[in-house]
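These notes concern the structure reproduced below.
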Amino acid sequence: MPSPVGRSVGMIDADERVRGTVAYALNAELPGCLTGRILRSPHPHARLVRIDTARAEQLPGVIAILSRADIVDNPALYPYFGPVVRDQPVVALDKVRFVGDPVAAVAAVDDDTAQQALELIEVEYEPLPAVFDPEEALVPGAPILHETFPPQRGAMSADIVFNPSEGSNQLNHFKLRKGDVEAGFEQAHRIFEHTFRCPPVQHVPLEPHVAMALVEAGKVTVWSGTQTPHNIRAQLAEIFQLPLAQIRVIVHTLGGGYGSKCYTKLEPIGAVLAWKARRPVKIVLRREEDFLTVTKHQAVIHLRTGVDRDGRIVARKATNYFNAGAYADISPRLIKNGGYATAGPYRIPNVWVDSYAVYSNIVPAGAFRGYGVSQAAWAYESQMDMIAEALGYDPLEYRQMNVLHDGDTFATGEQVHDMHYRELLLADAQKAIDWRPGAEAWWQRASADGDRGAGSATVSHKRRGKAITCVIKGSVTPSTSSASCKLNEDGSLNVLTSSVEMGQGAKTVLAQLAAEAAGIPLEAITVSEPDTDSTPYDQQTSSSRTTYSMGTAVTLAVQDVKRQLVELAADQLEIGPDDLTCDEGTVRTRDGSRSLSYSDVVRRSRRGNLLGQGTFATSGGLDPETGQGIGSIHWHHAAAACEVEVDTETGKIEILRFHSSCFAGRVVNPRLAELQVEGSTLFGLGQSLFEEMLYDGGQLINANLSDYMIPSFKDLPGRLSVSVLEHPSAGEVHGIGETSVPPVMPCVANALYNAVGVRITELPLTPEKVLAGLARRSEAEA
Amino acid sequence: MKKTVRLRVNGLEQEVSVATHHTLLDVLRREFKLHSVREGCGIGMCGACTVLVEGKPVSSCLLLAALAAEKDVVTVEALGRQGLHPIQQAFVDHTAFQCSFCTPGFLLTTKALLEENPAPTPEQVKAYLAGNLCRCGSYMKIMDAVLDAARRLQPANANAT
């Protein structure tokens with residue numbers, strides 16, 4: 001039967017999506033469920049002197065109030081969580097570390113009562129000096145957020161090297177040492193040194209963080225909108241000191257994630273509040289609270305690049321400061337990906353990277369679509385254009401000259417294969433914007449009016465520019481996905497996985513892969529949602545890994561079932577298993593003379609159903625001192641191309657056309673792949689032009705969708721196109737969920753420069769910065 | 001303070017007791033269990049809680065429930081009772097969503113648009129739907145779906161007049 005893989009089948013749950021009946025965690029209900037609300041710190045850094053909940057407790061309708069009194073010295077509860085370092089308390093213990101840090105939580109019969117109760121909790125703080133910038137936070141004498149780390153429990157993920165510096169705000173330090181960087185700079189003809197900055201931004205999933213918890217009969221059950229159900233289970237098992245089997249995490253479809261819903265967020269406070277209330281509790285964050293839960297890392301990147309007389313990059317030294325905010329979350333891993341990524345997709349023999357995660361008194365930063373690579377690419381792709389111009393190269397040709405080829409070594413020392421920058425990605429990007437090598441510099445081009453050939457009397461205030469960028473991105477390695485399946489006696493198949501459906505179409509794509517492996521129609525397949533009581537282990541739905549990793553595990557599980565099916569059919573038909581084939585829901589003898597449907601085989605076997613299981617684990621890892629080793633099971637790559645028009649009177653950048661090229665290896669569902677690349681592109685455009693969390697003395701001042709804008713229909717480029725590229729030599733599926741974000745921001749900045757000669761090194765590219773740059777330019781010219 | 005109000009939602013009239021400060025969004029979700037109506041921002045900026053009030057798209061997070069009394073309120077649950085509505089079908093056919101949290105708002109705003117302007121240009125679609133945000137960035141496919149829905153509804157509109 002024709003495989004559904006490679007076809008744009010619609011989402012298998014499309015009907016409920018347009019009927020508005022998707023079972024988001026937001027809609028989860030339990031009888032007697034209470035409303036939970038969180039009291040948050042108004043100070044960026046303060047000692048917690050006194051909390052008095054007596055008045056709030058007396059309010060009718062208040063069932064429970066959780067504060068440090070419930071968890072300090074309570075042998076039943078371990079008070080901390082965190083995916084790498086257990087540094088985040090369920091509620092504040094001795095001090096608060098950012099504006100928004102949870103101090104107490106209320107469970108009440110309704111939202112109004114819970115809200116009123118929050119106002120009756122008295123808290124006395126002793127403000128402490130605070131620090132917000134990652135470089136300032138490392139200066140000796142800076143206020144220290146975590147004087148010591150709490151005692152560690154549980155194993156650290158295999159790929160994370162942990163180099164904290166206790167007694168300072170250095171949370172982790174990733175080191176990469178390839179070749180001899182100093183020798184590289186010595187042989188360099190020119191050395192370029194620049195600093196690039198990007199602000200914290202927020203994911204803004206339209207469904208906020210939600211958790212509902214029930215603690216009864218020694219079992220903890222949590223319904224959560226999370227991308228990492230098994231991590232939540234492990235963390236709750238630590239907090240409640242229960243076996244993993246007694247923690248149940250149930251996840252429905254998410255209303256957007258983009259990394260914000262990775263690792264424990266609301267689940268600990270929700271579950272411990274439910275434990276105290278002895279009733280189910282549900283917490284739904286308000287939009288302003290979602291902004292106080294997790295962000296993309298603010299970053300400062302110092303980049304030093306040496307090139308030889310032929311323009312080849314011979315050495316690069318990068319010092320990256322990632323602002324982790326108040327708690328570690330996944331920063332210890334993210335700085336590794338954001339560290340090695342700073343070499344970019346280029347052949348550089350000598351690379352030295354120091355990448356730091358630094359605590360400061362702002363909202364904790366975590367996984368964000370692009371995962372550290374956006375910050376790195378913002379720096380190196382901006383600098384690529386700066387170097388190309390200084391050396392007199394066309395930016396596209398300069399990239400083609402330095403870009404990785406098959407068999408080259410990446411910064412991590414590993415050989416790279418399946419590299420398609422030159423013939424696929426850059427060629428596709430070039431074509432999309434009609435880039436003419438050698439003729440695209442801003443000073444070579446007339447004004448937009450001139451382009452239109454209008455003999456207009458007034459000089460146009462609009463200038464056009466183009467740019468092309470490319471990036472490389474890894475996927476978390478090593479990692480593990482496990483799947484199982486049940487072939488039922490009517491021939492239908494249940495696929496059980498803990499992959500989270502969050503709009504990327506995971507259920508659809510996994511069903512397509514299962515249908516292909518099983519040789520049954522798509523309609524005969526049902527893909528589960530995660531329920532840690534019944535669905536097997538999966539590390540996480542993130543890192544663009546689901547189609548590849550879970551897809552492989554599902555295929556293995558289906559093959560396991562088919563093996564059993566063939567063995568049973570062989571017995572039933574009294575023939576050797578090697579003489580049988582499976583397709584179209586039927587086991588047939590190779591000569592086609594006899595056959596049994598899958599359904600017949602299962603029924604005759606009297607097994608009820610056939611159970612299959614598959615596990616896919618990748619291996620790799622980097623040396624802790626040199627960062628050399630296997631960074632990623634395979635490398636994701638993408639390019640971007642755009643043309644902008646800059647209004648020199650207002651400073652506004654208009655995106656005339658934008659094209660994203662993403663390498664996918666083998667595409668499972670072209671339309672869903674396109675949707676993700678379009679989504680990544682818009683994510684990048686928002687960050688290019690206006691997204692930025694603004695702080696004033698540690699207070700976030702734009703935590704709402706009026707003051708913090710995300711792209712709307714009006715922000716679509718004049719033309720937006722994407723290519724999801726395959727290559728016959730690449731049988732493997734490549735993740736595409738995130739790879740198209742990082743090339744966007746430097747692409748817009750380089751096009752801006754290409755249009756008006758203004759270089760901006762700090763995102764976002766606001767009209768104010770463009771105008772200031774133009775003013776500096778005219779001063780310099782005058 | 002509580003008040004009894006008579007709401008007409010998806011054609012059904014029901015008396016509900018609501019606090020005067022509760023929004024239509026609160027009441028539709030809590031009393032009517034209409035979960036297609038979703039809060040995304042709480043301040044009328046994202047359009048995820050859009051409902052039709054007297055045929056016009058309204059952010060239900062900004063409308064006090066008591067002020068919706070005696071008015072016709074329509075949510076996505078009322079569409080496609082017999083098979084999918086042509087707009088819903090167009091969204092399915094073009095996969096005009098990813099996480100689909102925003103989809104009900106887009107469907108209802110599109111319905112209002114196509115009633116006002118049965119053959120909108122892409123620019124008119126952009127302008128009319130600019131108040132509905134899709135963070136997954138499915139706008140290209142939404143545009144395709146809206147223009148396709150307009151074509152699908154053309155004969156029906158012609159018959160009706």
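Identifiers in the structure tokens: chain A, B, ... in order shown; residue index from 1 per chain; ligand index from 1 in order shown.
All residues in segment 25-102 of chain A with a DSSP state of helix (DSSP H, G or I), computed from the backbone, read Ala25, Leu26, Asn27, Ala54, Arg55, Ala56, Glu57, Arg68, Ala69, Asp70 and Ile71 of chain A.
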Produce a file of the selected residues containing N, CA and C atoms, as a PDB file, in the first residue's frame.
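To be explicit, this is the file written out as selection_6.pdb:
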```
ATOM      1  N   ALA A  25      -5.015  21.376  28.999  1.00  0.00           N
ATOM      2  CA  ALA A  25      -4.998  21.346  30.473  1.00  0.00           C
ATOM      3  C   ALA A  25      -5.863  22.468  31.022  1.00  0.00           C
ATOM      4  N   LEU A  26      -5.966  23.565  30.292  1.00  0.00           N
ATOM      5  CA  LEU A  26      -6.805  24.694  30.714  1.00  0.00           C
ATOM      6  C   LEU A  26      -8.238  24.255  30.980  1.00  0.00           C
ATOM      7  N   ASN A  27      -8.701  23.224  30.256  1.00  0.00           N
ATOM      8  CA  ASN A  27     -10.093  22.788  30.394  1.00  0.00           C
ATOM      9  C   ASN A  27     -10.271  21.665  31.407  1.00  0.00           C
ATOM     10  N   ALA A  54      -2.339  34.299  58.930  1.00  0.00           N
ATOM     11  CA  ALA A  54      -3.500  34.097  59.821  1.00  0.00           C
ATOM     12  C   ALA A  54      -4.762  34.770  59.287  1.00  0.00           C
ATOM     13  N   ARG A  55      -4.643  36.028  58.865  1.00  0.00           N
ATOM     14  CA  ARG A  55      -5.850  36.750  58.414  1.00  0.00           C
ATOM     15  C   ARG A  55      -6.408  36.111  57.151  1.00  0.00           C
ATOM     16  N   ALA A  56      -5.527  35.710  56.267  1.00  0.00           N
ATOM     17  CA  ALA A  56      -5.980  35.091  55.013  1.00  0.00           C
ATOM     18  C   ALA A  56      -6.680  33.763  55.286  1.00  0.00           C
ATOM     19  N   GLU A  57      -6.153  33.027  56.264  1.00  0.00           N
ATOM     20  CA  GLU A  57      -6.751  31.721  56.566  1.00  0.00           C
ATOM     21  C   GLU A  57      -8.173  31.848  57.082  1.00  0.00           C
ATOM     22  N   ARG A  68       6.480  28.836  53.501  1.00  0.00           N
ATOM     23  CA  ARG A  68       7.678  28.093  53.902  1.00  0.00           C
ATOM     24  C   ARG A  68       7.458  27.296  55.180  1.00  0.00           C
ATOM     25  N   ALA A  69       6.518  27.751  56.031  1.00  0.00           N
ATOM     26  CA  ALA A  69       6.274  27.040  57.287  1.00  0.00           C
ATOM     27  C   ALA A  69       5.892  25.578  57.030  1.00  0.00           C
ATOM     28  N   ASP A  70       5.291  25.313  55.866  1.00  0.00           N
ATOM     29  CA  ASP A  70       4.845  23.946  55.576  1.00  0.00           C
ATOM     30  C   ASP A  70       5.969  23.044  55.093  1.00  0.00           C
ATOM     31  N   ILE A  71       7.037  23.628  54.588  1.00  0.00           N
ATOM     32  CA  ILE A  71       8.048  22.757  53.977  1.00  0.00           C
ATOM     33  C   ILE A  71       9.399  22.779  54.673  1.00  0.00           C
TER      34      ILE A  71
END
```
Item checked: Interface list for chain A, partner chain B, 9 Å threshold, only C-alpha atoms, as number ranges by chain -> A: 10-11, 14-15, 17-24, 26-27, 203-208, 253-258, 286-288, 501-505, 671-672, 675-676, 678-683, 704-706, 710-716, 720
Output of the above residues as a compact mmCIF listing (two decimals), in the first residue's frame, restricted to C-alpha atoms:
```txt
# COMPACT_ATOMS: atom_id res chain seq x y z
CA GLY A 10 -4.04 16.91 7.48
CA MET A 11 -3.74 16.78 11.24
CA ALA A 14 -8.11 18.59 12.97
CA ASP A 15 -11.82 18.17 13.66
CA ARG A 17 -9.21 21.81 16.63
CA VAL A 18 -11.84 23.64 14.54
CA ARG A 19 -14.68 22.66 16.85
CA GLY A 20 -12.90 24.19 19.82
CA THR A 21 -13.02 20.93 21.76
CA VAL A 22 -9.30 20.21 22.17
CA ALA A 23 -8.75 18.99 25.74
CA TYR A 24 -6.10 21.49 26.82
CA LEU A 26 -6.81 24.69 30.71
CA ASN A 27 -10.09 22.79 30.39
CA HIS A 203 7.61 32.63 24.49
CA VAL A 204 3.99 33.80 24.89
CA PRO A 205 2.22 30.50 24.27
CA LEU A 206 -1.41 31.58 24.04
CA GLU A 207 -2.34 28.87 26.51
CA PRO A 208 -0.56 29.94 29.69
CA THR A 253 -2.54 18.83 23.79
CA LEU A 254 -0.70 22.09 24.54
CA GLY A 255 -1.80 25.51 23.39
CA GLY A 256 1.76 26.31 22.34
CA GLY A 257 5.04 25.61 24.12
CA TYR A 258 8.14 26.84 22.22
CA ARG A 286 -2.43 34.95 34.13
CA ARG A 287 -0.55 36.39 31.19
CA GLU A 288 1.53 38.69 33.39
CA GLU A 501 1.31 17.30 20.88
CA MET A 502 1.79 21.05 20.97
CA GLY A 503 0.76 22.10 17.51
CA GLN A 504 3.77 20.67 15.69
CA GLY A 505 1.59 17.73 14.61
CA ARG A 671 2.59 20.89 4.96
CA LEU A 672 3.24 20.46 8.67
CA LEU A 675 3.95 25.40 8.97
CA GLN A 676 6.75 24.95 11.48
CA GLU A 678 6.84 29.61 8.72
CA GLY A 679 6.21 29.73 12.46
CA SER A 680 9.94 29.79 13.23
CA THR A 681 10.41 32.60 10.73
CA LEU A 682 7.72 34.72 12.37
CA PHE A 683 9.20 33.94 15.78
CA ASN A 704 1.26 42.09 28.93
CA LEU A 705 0.30 41.81 25.27
CA SER A 706 -0.34 45.52 24.96
CA ILE A 710 4.06 39.53 19.18
CA PRO A 711 3.71 39.29 15.38
CA SER A 712 0.21 39.74 14.00
CA PHE A 713 -1.15 39.39 10.48
CA LYS A 714 0.06 42.95 9.90
CA ASP A 715 3.65 41.88 10.56
CA LEU A 716 3.75 39.30 7.79
CA LEU A 720 6.98 34.95 2.90
```
Check: If you count only C-alpha atoms, which residues fall within 7 Å of Glu70 of chain B, apart from same-chain ones fewer than 3 positions away, as a count of residues only?
Finding: 3
Next item on the list: If you run DSSP over the backbone, which residues in segment 575-667 of chain A end up strand (DSSP E)? Put them as a PyMOL selection string.
Entry: chain A and resi 580-583+586-589+595-597+609-617+621-622+629-630+636-647+653-665
Item checked: Shell around segment 332-349 of chain A at 7 Å using only C-alpha atoms, local window under 5 positions removed, as a PyMOL selection string -> chain A and resi 160+162+172+174+176+179+313-315+318+320+322+355-357+371-373+376-377+380+402-404+408+410-412+471-473
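Residues surrounding segment 587-591 of chain A within 9 Å are Leu565, Val566, Ala569, Ile575, Asp578, Asp579, Leu580, Thr581, Cys582, Asp583, Ser595, Leu596, Ser597, Tyr598 and Val601 of chain A [only C-alpha atoms; sequence separation below 4 positions excluded].
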Save out the residues we just selected, N, CA and C atoms, as a PDB file, in the first residue's frame.
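Saved to selection-v2.pdb:
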```
ATOM      1  N   LEU A 565       3.644 -10.993  14.899  1.00  0.00           N
ATOM      2  CA  LEU A 565       2.526 -11.284  13.998  1.00  0.00           C
ATOM      3  C   LEU A 565       2.930 -12.366  12.995  1.00  0.00           C
ATOM      4  N   VAL A 566       4.125 -12.205  12.458  1.00  0.00           N
ATOM      5  CA  VAL A 566       4.600 -13.158  11.452  1.00  0.00           C
ATOM      6  C   VAL A 566       4.844 -14.518  12.084  1.00  0.00           C
ATOM      7  N   ALA A 569       1.468 -16.082  12.686  1.00  0.00           N
ATOM      8  CA  ALA A 569       0.850 -16.469  11.416  1.00  0.00           C
ATOM      9  C   ALA A 569       1.548 -17.696  10.844  1.00  0.00           C
ATOM     10  N   ILE A 575       3.821 -22.718   8.194  1.00  0.00           N
ATOM     11  CA  ILE A 575       4.793 -22.342   7.173  1.00  0.00           C
ATOM     12  C   ILE A 575       5.921 -21.595   7.877  1.00  0.00           C
ATOM     13  N   ASP A 578       9.923 -16.933   7.380  1.00  0.00           N
ATOM     14  CA  ASP A 578      10.622 -16.240   6.296  1.00  0.00           C
ATOM     15  C   ASP A 578       9.825 -16.240   4.998  1.00  0.00           C
ATOM     16  N   ASP A 579       8.825 -17.117   4.934  1.00  0.00           N
ATOM     17  CA  ASP A 579       8.025 -17.175   3.713  1.00  0.00           C
ATOM     18  C   ASP A 579       6.820 -16.244   3.761  1.00  0.00           C
ATOM     19  N   LEU A 580       6.775 -15.361   4.771  1.00  0.00           N
ATOM     20  CA  LEU A 580       5.600 -14.489   4.922  1.00  0.00           C
ATOM     21  C   LEU A 580       5.972 -13.017   4.774  1.00  0.00           C
ATOM     22  N   THR A 581       5.043 -12.218   4.289  1.00  0.00           N
ATOM     23  CA  THR A 581       5.218 -10.755   4.235  1.00  0.00           C
ATOM     24  C   THR A 581       3.982 -10.098   4.836  1.00  0.00           C
ATOM     25  N   CYS A 582       4.175  -8.856   5.286  1.00  0.00           N
ATOM     26  CA  CYS A 582       3.068  -8.102   5.880  1.00  0.00           C
ATOM     27  C   CYS A 582       2.819  -6.842   5.072  1.00  0.00           C
ATOM     28  N   ASP A 583       1.608  -6.619   4.645  1.00  0.00           N
ATOM     29  CA  ASP A 583       1.234  -5.320   4.065  1.00  0.00           C
ATOM     30  C   ASP A 583      -0.288  -5.257   3.982  1.00  0.00           C
ATOM     31  N   SER A 595      -3.291 -16.296   2.882  1.00  0.00           N
ATOM     32  CA  SER A 595      -3.145 -15.072   3.663  1.00  0.00           C
ATOM     33  C   SER A 595      -4.059 -15.090   4.881  1.00  0.00           C
ATOM     34  N   LEU A 596      -3.665 -14.287   5.865  1.00  0.00           N
ATOM     35  CA  LEU A 596      -4.510 -14.041   7.041  1.00  0.00           C
ATOM     36  C   LEU A 596      -4.465 -12.542   7.315  1.00  0.00           C
ATOM     37  N   SER A 597      -5.607 -11.970   7.668  1.00  0.00           N
ATOM     38  CA  SER A 597      -5.569 -10.559   8.051  1.00  0.00           C
ATOM     39  C   SER A 597      -4.914 -10.450   9.425  1.00  0.00           C
ATOM     40  N   TYR A 598      -4.361  -9.255   9.718  1.00  0.00           N
ATOM     41  CA  TYR A 598      -3.768  -9.047  11.054  1.00  0.00           C
ATOM     42  C   TYR A 598      -4.791  -9.435  12.118  1.00  0.00           C
ATOM     43  N   VAL A 601      -5.059 -13.125  12.676  1.00  0.00           N
ATOM     44  CA  VAL A 601      -3.903 -13.676  13.396  1.00  0.00           C
ATOM     45  C   VAL A 601      -4.040 -13.388  14.889  1.00  0.00           C
TER      46      VAL A 601
END
```
Item checked: Test item: residues at most 7 Å from Leu108 of chain B, only C-alpha atoms, excluding those fewer than 6 positions along its chain, as a PyMOL selection string -> chain B and resi 51-52+57+76
Notebook entry, point to check: Which value, in Å to one decimal, gives the distance between atom CA of Thr618 of chain A and atom CA of Pro478 of chain A?
Noted result: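 Answer for the atom CA of Thr618 of chain A to atom CA of Pro478 of chain A separation: 4.8 Å.
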Note to self: Residues within 8 Å of Thr526 of chain A, please, as a list of chain:residue names. Count only C-alpha atoms; anything in the same chain fewer than 2 positions from it doesn't count.
What the structure shows: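 Contacts, with the query itself left out: A:Leu493, A:Asn494, A:Val495, A:Ala511, A:Glu523, A:Ala524, A:Ser528.
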Check: Expressed in Å to a single decimal, how great is the separation between atom CA of Pro60 of chain A and atom CA of Glu15 of chain B?
Finding: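 One can read the atom CA of Pro60 of chain A to atom CA of Glu15 of chain B distance as 26.4 Å.
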I'd like a table as CSV: residues in segment 278-389 of chain A with an atom no more than 8 Å from segment 723-745 of chain A, each row giving the shortest atom pair and its distance in Å to one decimal, only C-alpha atoms counted, sorted by chain and rising residue number.
```
residue,atom,partner,partner_atom,distance
A:Arg369,CA,A:Glu738,CA,5.5
A:Gly370,CA,A:Glu738,CA,5.2
A:Val373,CA,A:Pro742,CA,6.3
A:Ser374,CA,A:Pro742,CA,4.1
A:Gln375,CA,A:Pro742,CA,7.6
A:Ala377,CA,A:Pro742,CA,5.9
A:Trp378,CA,A:Met745,CA,6.3
A:Glu381,CA,A:Pro743,CA,7.7
```
Check: In terms of the shortest atom-to-atom distance over only C-alpha atoms, which of B:Ala112, B:Leu24, B:Ala150, B:Ala65 is closest to Thr4 of chain B?
Finding: B:Ala65
Check: Please, what distance in Å, to one decimal, runs between atom CA of Val73 of chain B and atom CA of Glu115 of chain B?
Finding: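 Taking atom CA of Val73 of chain B as the start and atom CA of Glu115 of chain B as the end point, the length is 16.1 Å.
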